[in-house]
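K.L.:
This is the structure, below, for whatever I ask next.
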Amino acid sequence: LELLGRGGRLVLVGDVFHEWVEYKHLAPKRGLRLLGLLANWCDAGAEVHYLVGNRDPWHVDLLEQEVGVVLHRGAWRTEIAGWSAYIAHGDGFEPPDRAISRFTNRLQPLVRHPHTARLYRTFLPGDTGFALARWVSRTFGTSGEPDPYAHRRVTEAAHDLLRADDTDLVVMGHSHQHALDETPHGVYLNPGYWFGARTFARIGPVTEAPAPGEDVRPQLLRWTGHAALPLTSRALATA
């Protein structure tokens with residue numbers, strides 16, 4: 001947190017907000033304290049990026065204009081601590097062997113299209129639109145626990161990208177299962193499910209002025225309430 005206040009970078013890979021349906025003059029009141037915290041970090045000089053997830057696709061301008069967050073509606077290529085990175089939420093890589101996955105993959109472009117969002121907001125204003133989104137989430141969604149099928153497909157897609165691309169690092173979320181795979185072609189990183197397992201990832205030096213030889217490789221950590229502890233290989237296997 002101190003590094004963010006000194007100009008660090010925070011990347012949120014989606015699914016932070018549930019049933020996010022933002023209207024031109026209305027936004028969900030859930031997550032107000034988080035939005036305030038993000039705004040404080042942005043004001044302090046932090047660079048905050050948000051990749052839209054499948055649970056929170058309908059953003060308008062609140063995050064960008066009022067909070068100061070950079071919003072990404074698709075995959076984002078950037079450089080982080082010397083790593084050439086491809087960052088995406090990962091929901092476009094659901095397992096094709098499940099009927100529901102084939103359906104959602106085809107439905108995704110329609111759901112995220114601006115015209116769809118505009119029609120939804122026009123014909124289901126205010127509380128009605130929020131209520132329908134919550135009902136759909138409760139009826140067809142999950143509690144947020146890791147999905148092994150989604151995890152398998154996202155992992156396969158990440159490894160394919162590393163083999164076929166000049167990218168050093170692929171970062172995805174969506175499956176809510178943390179992972180750190182080092183391959184001959186690069187590294188696949190999934191920060192996991194913050195709301196359940198309190199896991200997150202750090203890429204770069206621990207201090208603002210790294211000491212010679214300080215490790216800048218991606219790390220997975222778990223927040224204990226008092227400190228961030230690295231996840232060892234044994235912890236990864238049993239977490």
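Ordered as shown in the structure tokens, chains take letters A, B, and onward, while each chain numbers its residues from 1 and ligands are numbered from 1 in the order shown.
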Name the residues of region 8-231 of chain A that fall into strand (DSSP E) according to DSSP on the backbone, using the chain letters and numbers of this document, as a PyMOL selection string.
P.N.:
chain A and resi 9-12+47-51+70-72+76-80+83-88+169-172+179-183+186-190+199-202+219-223+228-230
K.L.:
Find the distance between CA of Leu119 (chain A) and CA of Gly53 (chain A) and write it in Å to one decimal.
P.N.:
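Computing it gives 20.1 Å between the two atoms.
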K.L.:
CA of Asp61 (chain A) to CA of Trp76 (chain A): how many Å, to one decimal?
P.N.:
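Spanning CA of Asp61 (chain A) to CA of Trp76 (chain A) is a straight-line distance of 18.7 Å.
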K.L.:
Find the residues near Pro125 (chain A): any atom within 12 Å, counting only C-alpha atoms, skip ones fewer than 4 places away on the same chain, and give them as a PyMOL selection string.
P.N.:
chain A and resi 21-27+117-121+129-133
K.L.:
Give me the residues of region 135-172 of chain A that have any atom at most 8 Å from an atom of region 185-202 of chain A; for each, the nearest atom pair and the distance in Å, rounded to one decimal. Use only C-alpha atoms, sort by chain and number, and format it as a tab-separated table.
P.N.:
```
residue	atom	partner	partner_atom	distance
A:Gly144	CA	A:Gly196	CA	7.6
A:Glu145	CA	A:Gly196	CA	7.4
A:Pro146	CA	A:Tyr193	CA	7.7
A:Thr155	CA	A:Tyr188	CA	7.6
A:Ala158	CA	A:Tyr188	CA	6.2
A:His159	CA	A:Tyr188	CA	7.0
A:Leu162	CA	A:His185	CA	5.6
A:Arg163	CA	A:His185	CA	5.8
A:Thr167	CA	A:Gly186	CA	7.3
A:Asp168	CA	A:Gly186	CA	4.6
A:Leu169	CA	A:Val187	CA	4.8
A:Val170	CA	A:Tyr188	CA	4.9
A:Val171	CA	A:Leu189	CA	4.8
A:Met172	CA	A:Asn190	CA	5.2
```
K.L.:
Next, dump the selected residues to file, keeping only all heavy atoms, as an mmCIF file, in the first residue's frame.
P.N.:
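Result written to selection-v2.cif:
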```cif
data_model
loop_
_atom_site.group_PDB
_atom_site.id
_atom_site.type_symbol
_atom_site.label_atom_id
_atom_site.label_comp_id
_atom_site.auth_asym_id
_atom_site.auth_seq_id
_atom_site.Cartn_x
_atom_site.Cartn_y
_atom_site.Cartn_z
ATOM 1 N N GLY A 144 -18.677 -17.586 -6.115
ATOM 2 C CA GLY A 144 -17.327 -17.057 -6.253
ATOM 3 C C GLY A 144 -16.241 -18.078 -6.001
ATOM 4 O O GLY A 144 -15.055 -17.756 -6.116
ATOM 5 N N GLU A 145 -16.629 -19.306 -5.647
ATOM 6 C CA GLU A 145 -15.622 -20.338 -5.426
ATOM 7 C C GLU A 145 -14.911 -20.671 -6.734
ATOM 8 O O GLU A 145 -15.477 -20.522 -7.816
ATOM 9 C CB GLU A 145 -16.290 -21.592 -4.857
ATOM 10 C CG GLU A 145 -16.843 -21.412 -3.459
ATOM 11 C CD GLU A 145 -15.773 -20.975 -2.470
ATOM 12 O OE1 GLU A 145 -14.695 -21.600 -2.442
ATOM 13 O OE2 GLU A 145 -16.010 -19.992 -1.754
ATOM 14 N N PRO A 146 -13.660 -21.138 -6.662
ATOM 15 C CA PRO A 146 -12.915 -21.479 -7.885
ATOM 16 C C PRO A 146 -13.642 -22.493 -8.751
ATOM 17 O O PRO A 146 -14.248 -23.433 -8.245
ATOM 18 C CB PRO A 146 -11.599 -22.058 -7.337
ATOM 19 C CG PRO A 146 -11.438 -21.413 -6.002
ATOM 20 C CD PRO A 146 -12.830 -21.273 -5.447
ATOM 21 N N THR A 155 -5.931 -21.619 -18.007
ATOM 22 C CA THR A 155 -4.527 -22.011 -17.938
ATOM 23 C C THR A 155 -4.022 -22.458 -19.303
ATOM 24 O O THR A 155 -2.924 -22.075 -19.742
ATOM 25 C CB THR A 155 -4.343 -23.144 -16.911
ATOM 26 O OG1 THR A 155 -4.777 -22.691 -15.622
ATOM 27 C CG2 THR A 155 -2.879 -23.563 -16.826
ATOM 28 N N ALA A 158 -3.571 -19.444 -21.531
ATOM 29 C CA ALA A 158 -2.396 -18.664 -21.151
ATOM 30 C C ALA A 158 -1.120 -19.316 -21.669
ATOM 31 O O ALA A 158 -0.233 -18.641 -22.201
ATOM 32 C CB ALA A 158 -2.335 -18.521 -19.632
ATOM 33 N N HIS A 159 -1.018 -20.637 -21.536
ATOM 34 C CA HIS A 159 0.167 -21.334 -22.023
ATOM 35 C C HIS A 159 0.261 -21.243 -23.551
ATOM 36 O O HIS A 159 1.371 -21.127 -24.098
ATOM 37 C CB HIS A 159 0.133 -22.786 -21.564
ATOM 38 C CG HIS A 159 0.426 -22.947 -20.105
ATOM 39 N ND1 HIS A 159 0.876 -24.123 -19.551
ATOM 40 C CD2 HIS A 159 0.334 -22.066 -19.063
ATOM 41 C CE1 HIS A 159 1.054 -23.972 -18.252
ATOM 42 N NE2 HIS A 159 0.715 -22.722 -17.941
ATOM 43 N N LEU A 162 1.656 -17.851 -24.412
ATOM 44 C CA LEU A 162 3.095 -17.766 -24.140
ATOM 45 C C LEU A 162 3.907 -18.446 -25.234
ATOM 46 O O LEU A 162 4.979 -17.970 -25.621
ATOM 47 C CB LEU A 162 3.411 -18.398 -22.781
ATOM 48 C CG LEU A 162 2.943 -17.613 -21.550
ATOM 49 C CD1 LEU A 162 3.103 -18.452 -20.293
ATOM 50 C CD2 LEU A 162 3.714 -16.299 -21.420
ATOM 51 N N ARG A 163 3.390 -19.569 -25.749
ATOM 52 C CA ARG A 163 4.114 -20.283 -26.801
ATOM 53 C C ARG A 163 4.049 -19.555 -28.142
ATOM 54 O O ARG A 163 5.007 -19.579 -28.912
ATOM 55 C CB ARG A 163 3.541 -21.705 -26.955
ATOM 56 C CG ARG A 163 3.972 -22.681 -25.878
ATOM 57 C CD ARG A 163 3.588 -24.090 -26.258
ATOM 58 N NE ARG A 163 2.143 -24.259 -26.274
ATOM 59 C CZ ARG A 163 1.427 -24.681 -25.235
ATOM 60 N NH1 ARG A 163 2.047 -24.992 -24.099
ATOM 61 N NH2 ARG A 163 0.123 -24.812 -25.319
ATOM 62 N N THR A 167 5.180 -12.518 -25.694
ATOM 63 C CA THR A 167 4.851 -12.078 -24.346
ATOM 64 C C THR A 167 5.617 -12.899 -23.312
ATOM 65 O O THR A 167 5.731 -14.122 -23.428
ATOM 66 C CB THR A 167 3.333 -12.232 -24.108
ATOM 67 O OG1 THR A 167 2.636 -11.410 -25.046
ATOM 68 C CG2 THR A 167 2.950 -11.812 -22.702
ATOM 69 N N ASP A 168 6.148 -12.233 -22.296
ATOM 70 C CA ASP A 168 6.859 -12.912 -21.207
ATOM 71 C C ASP A 168 5.926 -13.346 -20.092
ATOM 72 O O ASP A 168 6.212 -14.288 -19.357
ATOM 73 C CB ASP A 168 7.915 -11.985 -20.587
ATOM 74 C CG ASP A 168 8.937 -11.495 -21.591
ATOM 75 O OD1 ASP A 168 9.348 -12.297 -22.438
ATOM 76 O OD2 ASP A 168 9.309 -10.316 -21.521
ATOM 77 N N LEU A 169 4.820 -12.605 -19.956
ATOM 78 C CA LEU A 169 3.947 -12.794 -18.799
ATOM 79 C C LEU A 169 2.491 -12.693 -19.235
ATOM 80 O O LEU A 169 2.101 -11.726 -19.891
ATOM 81 C CB LEU A 169 4.252 -11.724 -17.739
ATOM 82 C CG LEU A 169 3.345 -11.655 -16.514
ATOM 83 C CD1 LEU A 169 3.537 -12.879 -15.632
ATOM 84 C CD2 LEU A 169 3.629 -10.376 -15.717
ATOM 85 N N VAL A 170 1.683 -13.679 -18.880
ATOM 86 C CA VAL A 170 0.247 -13.650 -19.127
ATOM 87 C C VAL A 170 -0.454 -13.627 -17.772
ATOM 88 O O VAL A 170 -0.215 -14.490 -16.920
ATOM 89 C CB VAL A 170 -0.227 -14.864 -19.946
ATOM 90 C CG1 VAL A 170 -1.754 -14.902 -20.007
ATOM 91 C CG2 VAL A 170 0.350 -14.809 -21.357
ATOM 92 N N VAL A 171 -1.320 -12.634 -17.577
ATOM 93 C CA VAL A 171 -2.063 -12.490 -16.326
ATOM 94 C C VAL A 171 -3.551 -12.588 -16.637
ATOM 95 O O VAL A 171 -4.059 -11.857 -17.495
ATOM 96 C CB VAL A 171 -1.769 -11.136 -15.640
ATOM 97 C CG1 VAL A 171 -2.533 -11.036 -14.324
ATOM 98 C CG2 VAL A 171 -0.273 -10.958 -15.416
ATOM 99 N N MET A 172 -4.238 -13.511 -15.966
ATOM 100 C CA MET A 172 -5.686 -13.652 -16.126
ATOM 101 C C MET A 172 -6.329 -13.933 -14.770
ATOM 102 O O MET A 172 -5.664 -14.390 -13.835
ATOM 103 C CB MET A 172 -6.023 -14.796 -17.092
ATOM 104 C CG MET A 172 -5.625 -14.552 -18.534
ATOM 105 S SD MET A 172 -6.279 -15.837 -19.620
ATOM 106 C CE MET A 172 -5.470 -15.433 -21.165
#
```
K.L.:
Smallest atom-to-atom distance to Asp166 (chain A): which of A:Thr122, A:Ser84, A:Asn54, A:Ser143, using only C-alpha atoms?
P.N.:
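Smallest distance to Asp166 (chain A) is found for A:Ser84.
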K.L.:
Residues within 9 Å of Asp15 (chain A), please, as a VMD selection string. Count only C-alpha atoms; anything in the same chain fewer than 3 positions from it doesn't count.
P.N.:
chain A and resid 12 18 51 to 57 89 173 to 174
K.L.:
Using only C-alpha atoms, find the one residue out of A:Leu37, A:Val11, A:Val60, A:Cys42 that sits nearest to Ala88 (chain A).
P.N.:
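Of A:Leu37, A:Val11, A:Val60, A:Cys42, the one nearest Ala88 (chain A) is A:Val11, counting only C-alpha atoms.
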K.L.:
If we count only C-alpha atoms and set the cut-off at 6 Å, which residues sit around region 47-49 of chain A, ignoring sequence neighbours fewer than 3 positions away in its own chain? Please answer as an MDAnalysis selection string.
P.N.:
chainID A and resid 9:11 69:71
K.L.:
Restricting the output to C-alpha atoms, write the selected residues as a JSON list (two decimals), in the first residue's frame.
P.N.:
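This went into selection.json:
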```
[["chain", "number", "residue", "atom", "x", "y", "z"],
["A", 9, "ARG", "CA", 0.65, 0.55, -10.18],
["A", 10, "LEU", "CA", -2.41, -1.48, -9.22],
["A", 11, "VAL", "CA", -4.14, -3.74, -11.75],
["A", 69, "VAL", "CA", -9.05, 4.58, -12.78],
["A", 70, "VAL", "CA", -8.06, 3.53, -16.30],
["A", 71, "LEU", "CA", -10.75, 1.16, -17.60]]
```
K.L.:
Here is a test: counting only C-alpha atoms, which residue of A:Thr78, A:Ile203, A:Phe93, A:Pro109 is nearest to Leu161 (chain A)?
P.N.:
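Of A:Thr78, A:Ile203, A:Phe93, A:Pro109, the one nearest Leu161 (chain A) is A:Phe93, counting only C-alpha atoms.
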K.L.:
Taking into account only C-alpha atoms, which residue in the set A:Glu19, A:Asn40, A:Glu79, A:Tyr86 is nearest to Glu66 (chain A)?
P.N.:
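The closest residue to Glu66 (chain A) is A:Asn40.
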K.L.:
Nearest to Tyr50 (chain A): which of A:Gly68, A:Val13, A:Pro148, A:Leu62 is it, counting only C-alpha atoms?
P.N.:
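Nearest candidate to Tyr50 (chain A) out of A:Gly68, A:Val13, A:Pro148, A:Leu62: A:Val13.
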K.L.:
Hey, what does DSSP flag as alpha helix (DSSP H) within chain A? Can you give it to me as a PyMOL selection string?
P.N.:
chain A and resi 2-5+32-43+99-112+114-123+126-140+148-164+194-197+233-238
K.L.:
Go through A:Phe123, A:Ala39, A:Phe17, A:Gln177 one by one, measure the shortest atom-to-atom distance of each to Ala150 (chain A) using only C-alpha atoms, and give the residue with the smallest value.
P.N.:
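Closest to Ala150 (chain A) of all the choices is A:Gln177.
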K.L.:
At what distance in Å, to one decimal, does CA of Val16 (chain A) lie from CA of Arg33 (chain A)?
P.N.:
12.8 Å
